[in-house]
Amino acid sequence: MAEQGIPCLWMRGGTSKGAYFLASDLPSDAALRDRLLLAIMGSPDIRQIDGIGGADPLTSKVALLSPSTRSDADVDYLFLQVFVDQPLVSDAQGCGNILAGVGPAALERGLVAVAGEETPVRIHMLNTGEIATAIVATPGGRVSYRGDHAIDGVSGHHASIPLMFSNIAGSMTGALLPSGRVADVIDGIACTLIDNGMPCVVLRASDLGLTGQESREVLDGDAALKARIEAIRLQAGRLMNLGDVRDKSVPKMTLVAPPQSGGVVGTRSFIPHRCHASIGVFAAISAATACTLPGSPAASVARLPSGGTFAIEHPSGAMEVQLELAEDGSVLRAGTLRSARKLFDGRVFPGPLANRA
Ligand code: NQM
């Protein structure tokens with residue numbers, strides 16, 4: 001398999017980039033598959049020089065696609081985070097940005113048939129068990145990536161890909177608020193432990209002595225801050241039913257601050273050891289949901305919108321998420337608009353596996 005290369009689509013999904021494979025093109029044994037993926041990405045190595053990864057968690061991602069095992073879905077999608085600097089591959093989280101490329105990739109690979117000018121693709125997200133619906137532009141019977149939609153963090157305009165979700169509360173932890181509280185105090189800091197599609201810890205930037213407007217580079221360069229955040233994260237992981245999260249990419253850590261550009265809230269998101277260049281899709285939905293909870297740190301700095309559109313500010317602009325709330329305040333449905341682009345379609349050659357995980 002490795003000598004002949006493995007069929008691989010290299011795509012941008014939202015503000016991430018990753019390798020999209022048919023699951024049937026990779027070994028079914030997870031340990032062997034993960035060694036292969038580490039070799040493909042060039043991990044562990046902060047430069048990923050001997051692989052196709054982009055030396056950043058946001059560009060060291062994998063989507064595995066297969067025909068759906070469920071009658072209410074068209075395609076199964078397993079997301080894998082390939083760590084850059086450690087010999088680790090984790091399925092302990094989903095990814096809403098890479099999700100944006102799943103509909104197009106499934107159509108490109110013939111797992112789903114074009115259904116008209118637009119094709120709805122129902123995606124079974126294997127990491128969490130939930131279904132997302134993506135609408136893909138398919139004029140003239142083919143996927144089109146061209147369009148006039150812009151997303152902050154990506155230059156240019158592309159075809160928009162609406163993503164819609166329901167029942168994502170407790171995706172990996174069993175409950176929207178896995179500790180049963182709107183706020184827990186960890187190391188003296190009020191935190192909301194929340195999971196609306198992604199386990200996240202939401203805390204005020206000001207409680208860490210920050211404005212919440214610092215750049216990604218400044219935050220990433222602050223070793224003392226990162227150690228403090230990691231200490232909180234390890235305790236939060238246990239309270240969120242995630243156990244020892246030392247080697248896991250969840251929970252994410254989201255610092256919130258008053259909005260500066262007309263949005264609902266400002267964010268700086270750690271995923272979990274580097275600051276995100278923007279924010280993850282499910283992390284933004286979880287942060288938006290935290291803003292709606294009276295008594296939470298996020299609610300204390302948020303400016304709530306009159307409708308259901310929540311602009312979540314981040315280091316490269318803002319991500320708009322839609323929340324449809326029930327009368328009791330719980331989230332019925334959530335959604336956002338993303339885009340994706342096919343960058344390269346070919347075969348990838350993993351190189352030697354000997355010195356990896
Ligand atoms: O929260 C990064 C990303 C993500 C995940 C991460 C994501 C999400 O922006 O849904 O999209 O949190 O590691 O790609």
# chains A, B, ... in the order shown; residues from 1 in each chain; ligands from 1
$ residues_around --residues "region 18-22 of chain A" --least-positions-apart "4" --cutoff "8 Å" --atoms "only C-alpha atoms" --output "ChimeraX atom specification"
/A:7-13,26,53,59-66,98,102,105
$ write_last_selection --atoms "all heavy atoms" --output "compact mmCIF listing (two decimals), in the first residue's frame"
# COMPACT_ATOMS: atom_id res chain seq x y z
N PRO A 7 -4.37 6.95 -2.26
CA PRO A 7 -5.19 8.04 -2.82
C PRO A 7 -5.58 9.03 -1.72
O PRO A 7 -6.04 8.62 -0.64
CB PRO A 7 -6.43 7.32 -3.38
CG PRO A 7 -5.98 5.90 -3.57
CD PRO A 7 -4.95 5.63 -2.51
N CYS A 8 -5.40 10.31 -2.00
CA CYS A 8 -5.58 11.34 -0.96
C CYS A 8 -6.06 12.63 -1.60
O CYS A 8 -5.51 13.07 -2.62
CB CYS A 8 -4.23 11.56 -0.26
SG CYS A 8 -4.19 12.90 0.92
N LEU A 9 -7.08 13.22 -1.01
CA LEU A 9 -7.52 14.56 -1.41
C LEU A 9 -7.01 15.53 -0.36
O LEU A 9 -7.29 15.34 0.83
CB LEU A 9 -9.05 14.62 -1.37
CG LEU A 9 -9.88 14.47 -2.62
CD1 LEU A 9 -11.36 14.52 -2.22
CD2 LEU A 9 -9.58 15.54 -3.64
N TRP A 10 -6.29 16.54 -0.77
CA TRP A 10 -5.79 17.54 0.17
C TRP A 10 -6.70 18.74 0.02
O TRP A 10 -6.81 19.31 -1.08
CB TRP A 10 -4.34 17.86 -0.17
CG TRP A 10 -3.59 18.79 0.73
CD1 TRP A 10 -3.04 19.98 0.38
CD2 TRP A 10 -3.27 18.59 2.12
NE1 TRP A 10 -2.39 20.53 1.46
CE2 TRP A 10 -2.53 19.72 2.54
CE3 TRP A 10 -3.55 17.60 3.04
CZ2 TRP A 10 -2.06 19.86 3.85
CZ3 TRP A 10 -3.09 17.73 4.35
CH2 TRP A 10 -2.34 18.86 4.74
N MET A 11 -7.43 19.08 1.09
CA MET A 11 -8.45 20.12 0.97
C MET A 11 -8.37 21.12 2.11
O MET A 11 -7.99 20.77 3.23
CB MET A 11 -9.86 19.50 1.00
CG MET A 11 -10.16 18.59 -0.15
SD MET A 11 -11.88 18.00 -0.11
CE MET A 11 -12.74 19.45 -0.65
N ARG A 12 -8.79 22.34 1.80
CA ARG A 12 -9.10 23.29 2.88
C ARG A 12 -10.55 23.06 3.27
O ARG A 12 -11.42 22.95 2.39
CB ARG A 12 -8.92 24.74 2.41
CG ARG A 12 -9.37 25.75 3.48
CD ARG A 12 -9.23 27.19 3.02
NE ARG A 12 -10.10 27.53 1.91
CZ ARG A 12 -11.41 27.76 2.01
NH1 ARG A 12 -12.03 27.68 3.17
NH2 ARG A 12 -12.11 28.08 0.94
N GLY A 13 -10.80 22.95 4.56
CA GLY A 13 -12.16 22.90 5.07
C GLY A 13 -12.29 24.05 6.06
O GLY A 13 -11.60 24.06 7.08
N LEU A 26 -7.09 2.89 3.75
CA LEU A 26 -6.13 2.85 4.87
C LEU A 26 -6.30 1.54 5.64
O LEU A 26 -7.35 0.90 5.54
CB LEU A 26 -6.39 4.05 5.81
CG LEU A 26 -6.00 5.42 5.26
CD1 LEU A 26 -6.42 6.51 6.24
CD2 LEU A 26 -4.52 5.52 4.96
N GLY A 53 2.04 17.70 6.48
CA GLY A 53 1.41 18.57 7.49
C GLY A 53 2.02 19.96 7.44
O GLY A 53 3.17 20.14 7.03
N THR A 59 -3.47 22.49 10.38
CA THR A 59 -3.16 21.95 9.05
C THR A 59 -2.55 20.56 9.17
O THR A 59 -1.80 20.12 8.30
CB THR A 59 -2.18 22.89 8.31
OG1 THR A 59 -1.03 23.09 9.14
CG2 THR A 59 -2.81 24.23 8.00
N SER A 60 -2.88 19.88 10.26
CA SER A 60 -2.38 18.52 10.49
C SER A 60 -3.59 17.65 10.85
O SER A 60 -3.64 17.05 11.92
CB SER A 60 -1.33 18.57 11.61
OG SER A 60 -0.76 17.29 11.81
N LYS A 61 -4.53 17.62 9.94
CA LYS A 61 -5.84 17.00 10.21
C LYS A 61 -6.19 16.00 9.14
O LYS A 61 -5.75 16.13 8.00
CB LYS A 61 -6.91 18.10 10.26
CG LYS A 61 -6.60 19.15 11.30
CD LYS A 61 -7.74 20.13 11.50
CE LYS A 61 -7.55 20.84 12.82
NZ LYS A 61 -8.77 21.41 13.34
N VAL A 62 -7.01 15.03 9.54
CA VAL A 62 -7.37 13.95 8.62
C VAL A 62 -8.87 13.69 8.70
O VAL A 62 -9.45 13.70 9.79
CB VAL A 62 -6.58 12.67 8.98
CG1 VAL A 62 -7.15 11.45 8.26
CG2 VAL A 62 -5.10 12.84 8.65
N ALA A 63 -9.48 13.45 7.54
CA ALA A 63 -10.88 13.00 7.49
C ALA A 63 -10.91 11.65 6.80
O ALA A 63 -10.34 11.49 5.72
CB ALA A 63 -11.73 14.00 6.70
N LEU A 64 -11.55 10.66 7.44
CA LEU A 64 -11.73 9.35 6.82
C LEU A 64 -13.20 9.22 6.43
O LEU A 64 -14.09 9.40 7.28
CB LEU A 64 -11.39 8.22 7.79
CG LEU A 64 -9.97 8.12 8.32
CD1 LEU A 64 -9.77 6.79 9.02
CD2 LEU A 64 -8.96 8.29 7.21
N LEU A 65 -13.46 8.92 5.19
CA LEU A 65 -14.84 8.84 4.69
C LEU A 65 -15.18 7.40 4.33
O LEU A 65 -14.35 6.66 3.79
CB LEU A 65 -15.02 9.70 3.44
CG LEU A 65 -14.52 11.15 3.50
CD1 LEU A 65 -14.95 11.90 2.25
CD2 LEU A 65 -15.03 11.86 4.73
N SER A 66 -16.43 7.03 4.60
CA SER A 66 -16.90 5.70 4.19
C SER A 66 -18.42 5.77 3.98
O SER A 66 -19.07 6.70 4.48
CB SER A 66 -16.54 4.65 5.25
OG SER A 66 -16.83 5.13 6.54
N ILE A 98 -12.97 20.96 9.21
CA ILE A 98 -12.71 19.86 8.27
C ILE A 98 -14.03 19.27 7.77
O ILE A 98 -14.15 18.84 6.62
CB ILE A 98 -11.79 18.81 8.94
CG1 ILE A 98 -10.37 19.37 9.08
CG2 ILE A 98 -11.75 17.50 8.15
CD1 ILE A 98 -9.63 19.71 7.80
N VAL A 102 -16.15 17.66 3.90
CA VAL A 102 -16.59 16.26 3.81
C VAL A 102 -17.64 16.08 2.71
O VAL A 102 -17.57 15.10 1.94
CB VAL A 102 -17.12 15.76 5.18
CG1 VAL A 102 -17.81 14.42 5.05
CG2 VAL A 102 -15.96 15.67 6.17
N ALA A 105 -15.87 16.26 -0.66
CA ALA A 105 -14.99 15.10 -0.84
C ALA A 105 -15.82 13.83 -1.11
O ALA A 105 -15.44 13.01 -1.95
CB ALA A 105 -14.10 14.91 0.39
$ closest_atom_pairs --of "chain A" --to "ligand 1" --cutoff "8 Å" --atoms "only C-alpha atoms and all ligand atoms" --output "Markdown table"
| residue | atom | partner | partner_atom_place_in_ligand_line | distance |
| --- | --- | --- | --- | --- |
| A:Gly13 | CA | ligand 1 | 14 (O) | 7.8 |
| A:Gly14 | CA | ligand 1 | 14 (O) | 7.3 |
| A:Thr15 | CA | ligand 1 | 9 (O) | 6.0 |
| A:Ser16 | CA | ligand 1 | 14 (O) | 4.8 |
| A:Lys17 | CA | ligand 1 | 14 (O) | 7.9 |
| A:Pro57 | CA | ligand 1 | 13 (O) | 6.7 |
| A:Leu58 | CA | ligand 1 | 14 (O) | 5.6 |
| A:Gln81 | CA | ligand 1 | 13 (O) | 7.6 |
| A:Gln93 | CA | ligand 1 | 13 (O) | 7.9 |
| A:Gly94 | CA | ligand 1 | 10 (O) | 6.3 |
| A:Cys95 | CA | ligand 1 | 7 (C) | 3.9 |
| A:Gly96 | CA | ligand 1 | 10 (O) | 3.4 |
| A:Asn97 | CA | ligand 1 | 11 (O) | 4.0 |
| A:Ile98 | CA | ligand 1 | 14 (O) | 6.1 |
| A:Leu99 | CA | ligand 1 | 11 (O) | 7.6 |
| A:Gly197 | CA | ligand 1 | 10 (O) | 7.4 |
| A:Met198 | CA | ligand 1 | 1 (O) | 6.1 |
| A:Ser249 | CA | ligand 1 | 13 (O) | 7.0 |
| A:Lys252 | CA | ligand 1 | 12 (O) | 6.5 |
| A:Ser269 | CA | ligand 1 | 12 (O) | 7.9 |
| A:Phe270 | CA | ligand 1 | 12 (O) | 7.6 |
| A:Ile271 | CA | ligand 1 | 13 (O) | 4.7 |
| A:Pro272 | CA | ligand 1 | 13 (O) | 7.1 |
| A:His276 | CA | ligand 1 | 2 (C) | 7.0 |
| A:Ser278 | CA | ligand 1 | 9 (O) | 7.0 |
| A:Ile279 | CA | ligand 1 | 9 (O) | 5.2 |
| A:Gly280 | CA | ligand 1 | 1 (O) | 3.2 |
| A:Val281 | CA | ligand 1 | 10 (O) | 3.7 |
| A:Phe282 | CA | ligand 1 | 10 (O) | 3.7 |
| A:Ala283 | CA | ligand 1 | 1 (O) | 4.1 |
| A:Ala284 | CA | ligand 1 | 1 (O) | 6.7 |
$ residues_around --residues "Cys191 (chain A)" --least-positions-apart "6" --cutoff "9 Å" --atoms "only C-alpha atoms" --output "number ranges by chain"
A: 182-185, 201-204, 236, 296-298
$ write_last_selection --atoms "C-alpha atoms" --output "CSV table (one decimal), in the first residue's frame"
chain,number,residue,atom,x,y,z
A,182,VAL,CA,-23.0,27.0,35.0
A,183,ALA,CA,-19.7,27.9,36.7
A,184,ASP,CA,-17.0,25.9,38.5
A,185,VAL,CA,-14.1,27.6,40.2
A,201,VAL,CA,-13.8,25.4,29.1
A,202,VAL,CA,-14.9,29.0,28.9
A,203,LEU,CA,-13.3,31.6,31.2
A,204,ARG,CA,-12.8,35.3,31.3
A,236,ALA,CA,-11.6,20.4,34.0
A,296,SER,CA,-21.7,32.2,33.4
A,297,PRO,CA,-18.4,34.1,32.9
A,298,ALA,CA,-19.2,34.4,29.2
$ closest_residue --among "A:Gly243, A:Pro120, A:Gly266, A:Gly295" --to "Ala190 (chain A)" --atoms "only C-alpha atoms"
A:Gly295
$ closest_residue --among "A:Leu210, A:Ala227, A:Leu80, A:Leu239" --to "Leu177 (chain A)" --atoms "only C-alpha atoms"
A:Leu239
$ atom_distance --atom1 "CA of Ala73 (chain A)" --atom2 "CA of Ile131 (chain A)"
7.1 Å
$ closest_atom_pairs --of "region 248-338 of chain A" --to "region 157-174 of chain A" --cutoff "6 Å" --atoms "only C-alpha atoms" --output "Markdown table"
| residue | atom | partner | partner_atom | distance |
| --- | --- | --- | --- | --- |
| A:Arg333 | CA | A:Ser166 | CA | 4.6 |
| A:Ala334 | CA | A:Phe165 | CA | 5.2 |
| A:Gly335 | CA | A:Met164 | CA | 4.3 |
| A:Thr336 | CA | A:Leu163 | CA | 5.5 |
| A:Leu337 | CA | A:Pro162 | CA | 4.4 |
| A:Arg338 | CA | A:Ile161 | CA | 5.0 |
$ closest_residue --among "A:Ile186, A:His124, A:Pro104, A:Ala290" --to "Ala340 (chain A)" --atoms "only C-alpha atoms"
A:Pro104
$ atom_distance --atom1 "CA of Gly209 (chain A)" --atom2 "CA of Ala223 (chain A)"
14.2 Å
$ decode --residues "region 138-171 of chain A" --atoms "N, CA, C and O atoms" --output "PDB file, in the first residue's frame"
ATOM      1  N   THR A 138     -23.610  22.162  -6.503  1.00  0.00           N
ATOM      2  CA  THR A 138     -23.264  21.164  -7.528  1.00  0.00           C
ATOM      3  C   THR A 138     -23.899  21.543  -8.873  1.00  0.00           C
ATOM      4  O   THR A 138     -24.657  20.754  -9.461  1.00  0.00           O
ATOM      5  N   PRO A 139     -23.609  22.739  -9.377  1.00  0.00           N
ATOM      6  CA  PRO A 139     -24.207  23.135 -10.654  1.00  0.00           C
ATOM      7  C   PRO A 139     -23.654  22.273 -11.790  1.00  0.00           C
ATOM      8  O   PRO A 139     -22.465  21.920 -11.776  1.00  0.00           O
ATOM      9  N   GLY A 140     -24.519  21.892 -12.723  1.00  0.00           N
ATOM     10  CA  GLY A 140     -24.053  21.113 -13.869  1.00  0.00           C
ATOM     11  C   GLY A 140     -23.547  19.737 -13.488  1.00  0.00           C
ATOM     12  O   GLY A 140     -22.749  19.138 -14.217  1.00  0.00           O
ATOM     13  N   GLY A 141     -23.954  19.224 -12.334  1.00  0.00           N
ATOM     14  CA  GLY A 141     -23.606  17.855 -11.965  1.00  0.00           C
ATOM     15  C   GLY A 141     -22.246  17.674 -11.336  1.00  0.00           C
ATOM     16  O   GLY A 141     -21.804  16.543 -11.146  1.00  0.00           O
ATOM     17  N   ARG A 142     -21.535  18.796 -10.977  1.00  0.00           N
ATOM     18  CA  ARG A 142     -20.203  18.662 -10.354  1.00  0.00           C
ATOM     19  C   ARG A 142     -20.089  19.597  -9.159  1.00  0.00           C
ATOM     20  O   ARG A 142     -20.752  20.632  -9.134  1.00  0.00           O
ATOM     21  N   VAL A 143     -19.217  19.257  -8.258  1.00  0.00           N
ATOM     22  CA  VAL A 143     -18.985  20.161  -7.122  1.00  0.00           C
ATOM     23  C   VAL A 143     -18.379  21.455  -7.634  1.00  0.00           C
ATOM     24  O   VAL A 143     -17.434  21.429  -8.442  1.00  0.00           O
ATOM     25  N   SER A 144     -18.920  22.584  -7.193  1.00  0.00           N
ATOM     26  CA  SER A 144     -18.299  23.870  -7.522  1.00  0.00           C
ATOM     27  C   SER A 144     -17.786  24.510  -6.237  1.00  0.00           C
ATOM     28  O   SER A 144     -18.505  24.592  -5.245  1.00  0.00           O
ATOM     29  N   TYR A 145     -16.536  24.944  -6.288  1.00  0.00           N
ATOM     30  CA  TYR A 145     -15.940  25.596  -5.121  1.00  0.00           C
ATOM     31  C   TYR A 145     -15.996  27.115  -5.277  1.00  0.00           C
ATOM     32  O   TYR A 145     -15.606  27.844  -4.379  1.00  0.00           O
ATOM     33  N   ARG A 146     -16.474  27.571  -6.446  1.00  0.00           N
ATOM     34  CA  ARG A 146     -16.484  29.008  -6.726  1.00  0.00           C
ATOM     35  C   ARG A 146     -17.744  29.654  -6.196  1.00  0.00           C
ATOM     36  O   ARG A 146     -18.824  29.067  -6.287  1.00  0.00           O
ATOM     37  N   GLY A 147     -17.598  30.865  -5.691  1.00  0.00           N
ATOM     38  CA  GLY A 147     -18.772  31.550  -5.176  1.00  0.00           C
ATOM     39  C   GLY A 147     -18.374  32.884  -4.600  1.00  0.00           C
ATOM     40  O   GLY A 147     -17.230  33.321  -4.752  1.00  0.00           O
ATOM     41  N   ASP A 148     -19.310  33.546  -3.928  1.00  0.00           N
ATOM     42  CA  ASP A 148     -19.017  34.897  -3.441  1.00  0.00           C
ATOM     43  C   ASP A 148     -19.044  34.995  -1.931  1.00  0.00           C
ATOM     44  O   ASP A 148     -19.216  36.066  -1.373  1.00  0.00           O
ATOM     45  N   HIS A 149     -18.866  33.852  -1.263  1.00  0.00           N
ATOM     46  CA  HIS A 149     -18.928  33.874   0.198  1.00  0.00           C
ATOM     47  C   HIS A 149     -17.515  33.999   0.786  1.00  0.00           C
ATOM     48  O   HIS A 149     -16.599  33.280   0.385  1.00  0.00           O
ATOM     49  N   ALA A 150     -17.380  34.924   1.723  1.00  0.00           N
ATOM     50  CA  ALA A 150     -16.076  35.101   2.388  1.00  0.00           C
ATOM     51  C   ALA A 150     -16.192  34.667   3.839  1.00  0.00           C
ATOM     52  O   ALA A 150     -17.217  34.906   4.483  1.00  0.00           O
ATOM     53  N   ILE A 151     -15.154  33.992   4.348  1.00  0.00           N
ATOM     54  CA  ILE A 151     -15.121  33.722   5.795  1.00  0.00           C
ATOM     55  C   ILE A 151     -13.837  34.315   6.359  1.00  0.00           C
ATOM     56  O   ILE A 151     -12.795  34.269   5.714  1.00  0.00           O
ATOM     57  N   ASP A 152     -13.957  34.892   7.547  1.00  0.00           N
ATOM     58  CA  ASP A 152     -12.772  35.501   8.158  1.00  0.00           C
ATOM     59  C   ASP A 152     -11.731  34.423   8.440  1.00  0.00           C
ATOM     60  O   ASP A 152     -12.061  33.336   8.916  1.00  0.00           O
ATOM     61  N   GLY A 153     -10.481  34.734   8.093  1.00  0.00           N
ATOM     62  CA  GLY A 153      -9.401  33.769   8.283  1.00  0.00           C
ATOM     63  C   GLY A 153      -9.012  33.081   6.993  1.00  0.00           C
ATOM     64  O   GLY A 153      -8.035  32.337   6.955  1.00  0.00           O
ATOM     65  N   VAL A 154      -9.790  33.301   5.916  1.00  0.00           N
ATOM     66  CA  VAL A 154      -9.485  32.714   4.600  1.00  0.00           C
ATOM     67  C   VAL A 154      -9.585  33.841   3.580  1.00  0.00           C
ATOM     68  O   VAL A 154     -10.585  34.569   3.570  1.00  0.00           O
ATOM     69  N   SER A 155      -8.579  33.969   2.713  1.00  0.00           N
ATOM     70  CA  SER A 155      -8.663  35.066   1.744  1.00  0.00           C
ATOM     71  C   SER A 155      -9.573  34.675   0.582  1.00  0.00           C
ATOM     72  O   SER A 155      -9.780  33.493   0.292  1.00  0.00           O
ATOM     73  N   GLY A 156     -10.139  35.653  -0.063  1.00  0.00           N
ATOM     74  CA  GLY A 156     -10.943  35.419  -1.263  1.00  0.00           C
ATOM     75  C   GLY A 156     -12.365  34.995  -0.966  1.00  0.00           C
ATOM     76  O   GLY A 156     -12.827  35.005   0.184  1.00  0.00           O
ATOM     77  N   HIS A 157     -13.070  34.647  -2.052  1.00  0.00           N
ATOM     78  CA  HIS A 157     -14.484  34.282  -1.980  1.00  0.00           C
ATOM     79  C   HIS A 157     -14.672  32.889  -2.560  1.00  0.00           C
ATOM     80  O   HIS A 157     -14.003  32.523  -3.525  1.00  0.00           O
ATOM     81  N   HIS A 158     -15.602  32.157  -1.998  1.00  0.00           N
ATOM     82  CA  HIS A 158     -15.816  30.758  -2.397  1.00  0.00           C
ATOM     83  C   HIS A 158     -17.286  30.418  -2.279  1.00  0.00           C
ATOM     84  O   HIS A 158     -18.068  31.187  -1.704  1.00  0.00           O
ATOM     85  N   ALA A 159     -17.648  29.241  -2.795  1.00  0.00           N
ATOM     86  CA  ALA A 159     -19.034  28.780  -2.633  1.00  0.00           C
ATOM     87  C   ALA A 159     -19.292  28.542  -1.152  1.00  0.00           C
ATOM     88  O   ALA A 159     -18.475  27.928  -0.466  1.00  0.00           O
ATOM     89  N   SER A 160     -20.429  29.030  -0.666  1.00  0.00           N
ATOM     90  CA  SER A 160     -20.695  28.806   0.757  1.00  0.00           C
ATOM     91  C   SER A 160     -21.195  27.384   0.968  1.00  0.00           C
ATOM     92  O   SER A 160     -21.854  26.798   0.100  1.00  0.00           O
ATOM     93  N   ILE A 161     -20.853  26.835   2.108  1.00  0.00           N
ATOM     94  CA  ILE A 161     -21.326  25.502   2.489  1.00  0.00           C
ATOM     95  C   ILE A 161     -22.044  25.644   3.825  1.00  0.00           C
ATOM     96  O   ILE A 161     -21.401  25.722   4.882  1.00  0.00           O
ATOM     97  N   PRO A 162     -23.392  25.745   3.782  1.00  0.00           N
ATOM     98  CA  PRO A 162     -24.117  25.786   5.059  1.00  0.00           C
ATOM     99  C   PRO A 162     -23.994  24.454   5.784  1.00  0.00           C
ATOM    100  O   PRO A 162     -24.097  23.390   5.172  1.00  0.00           O
ATOM    101  N   LEU A 163     -23.732  24.529   7.084  1.00  0.00           N
ATOM    102  CA  LEU A 163     -23.658  23.332   7.941  1.00  0.00           C
ATOM    103  C   LEU A 163     -24.731  23.464   9.016  1.00  0.00           C
ATOM    104  O   LEU A 163     -24.840  24.534   9.636  1.00  0.00           O
ATOM    105  N   MET A 164     -25.513  22.436   9.214  1.00  0.00           N
ATOM    106  CA  MET A 164     -26.583  22.479  10.220  1.00  0.00           C
ATOM    107  C   MET A 164     -26.488  21.286  11.170  1.00  0.00           C
ATOM    108  O   MET A 164     -26.191  20.172  10.732  1.00  0.00           O
ATOM    109  N   PHE A 165     -26.757  21.572  12.432  1.00  0.00           N
ATOM    110  CA  PHE A 165     -26.632  20.530  13.461  1.00  0.00           C
ATOM    111  C   PHE A 165     -27.835  20.557  14.390  1.00  0.00           C
ATOM    112  O   PHE A 165     -28.365  21.625  14.686  1.00  0.00           O
ATOM    113  N   SER A 166     -28.211  19.377  14.881  1.00  0.00           N
ATOM    114  CA  SER A 166     -29.158  19.341  16.002  1.00  0.00           C
ATOM    115  C   SER A 166     -28.676  18.275  16.983  1.00  0.00           C
ATOM    116  O   SER A 166     -27.871  17.402  16.626  1.00  0.00           O
ATOM    117  N   ASN A 167     -29.148  18.381  18.209  1.00  0.00           N
ATOM    118  CA  ASN A 167     -28.787  17.395  19.260  1.00  0.00           C
ATOM    119  C   ASN A 167     -27.282  17.238  19.455  1.00  0.00           C
ATOM    120  O   ASN A 167     -26.786  16.127  19.559  1.00  0.00           O
ATOM    121  N   ILE A 168     -26.561  18.352  19.489  1.00  0.00           N
ATOM    122  CA  ILE A 168     -25.114  18.202  19.676  1.00  0.00           C
ATOM    123  C   ILE A 168     -24.694  18.429  21.138  1.00  0.00           C
ATOM    124  O   ILE A 168     -23.523  18.282  21.466  1.00  0.00           O
ATOM    125  N   ALA A 169     -25.652  18.781  22.001  1.00  0.00           N
ATOM    126  CA  ALA A 169     -25.295  18.995  23.418  1.00  0.00           C
ATOM    127  C   ALA A 169     -24.768  17.697  24.021  1.00  0.00           C
ATOM    128  O   ALA A 169     -25.322  16.622  23.786  1.00  0.00           O
ATOM    129  N   GLY A 170     -23.692  17.811  24.768  1.00  0.00           N
ATOM    130  CA  GLY A 170     -23.116  16.623  25.422  1.00  0.00           C
ATOM    131  C   GLY A 170     -22.450  15.686  24.440  1.00  0.00           C
ATOM    132  O   GLY A 170     -22.372  14.481  24.681  1.00  0.00           O
ATOM    133  N   SER A 171     -21.913  16.224  23.343  1.00  0.00           N
ATOM    134  CA  SER A 171     -21.389  15.389  22.253  1.00  0.00           C
ATOM    135  C   SER A 171     -20.364  14.351  22.727  1.00  0.00           C
ATOM    136  O   SER A 171     -20.377  13.221  22.273  1.00  0.00           O
TER     137      SER A 171
END
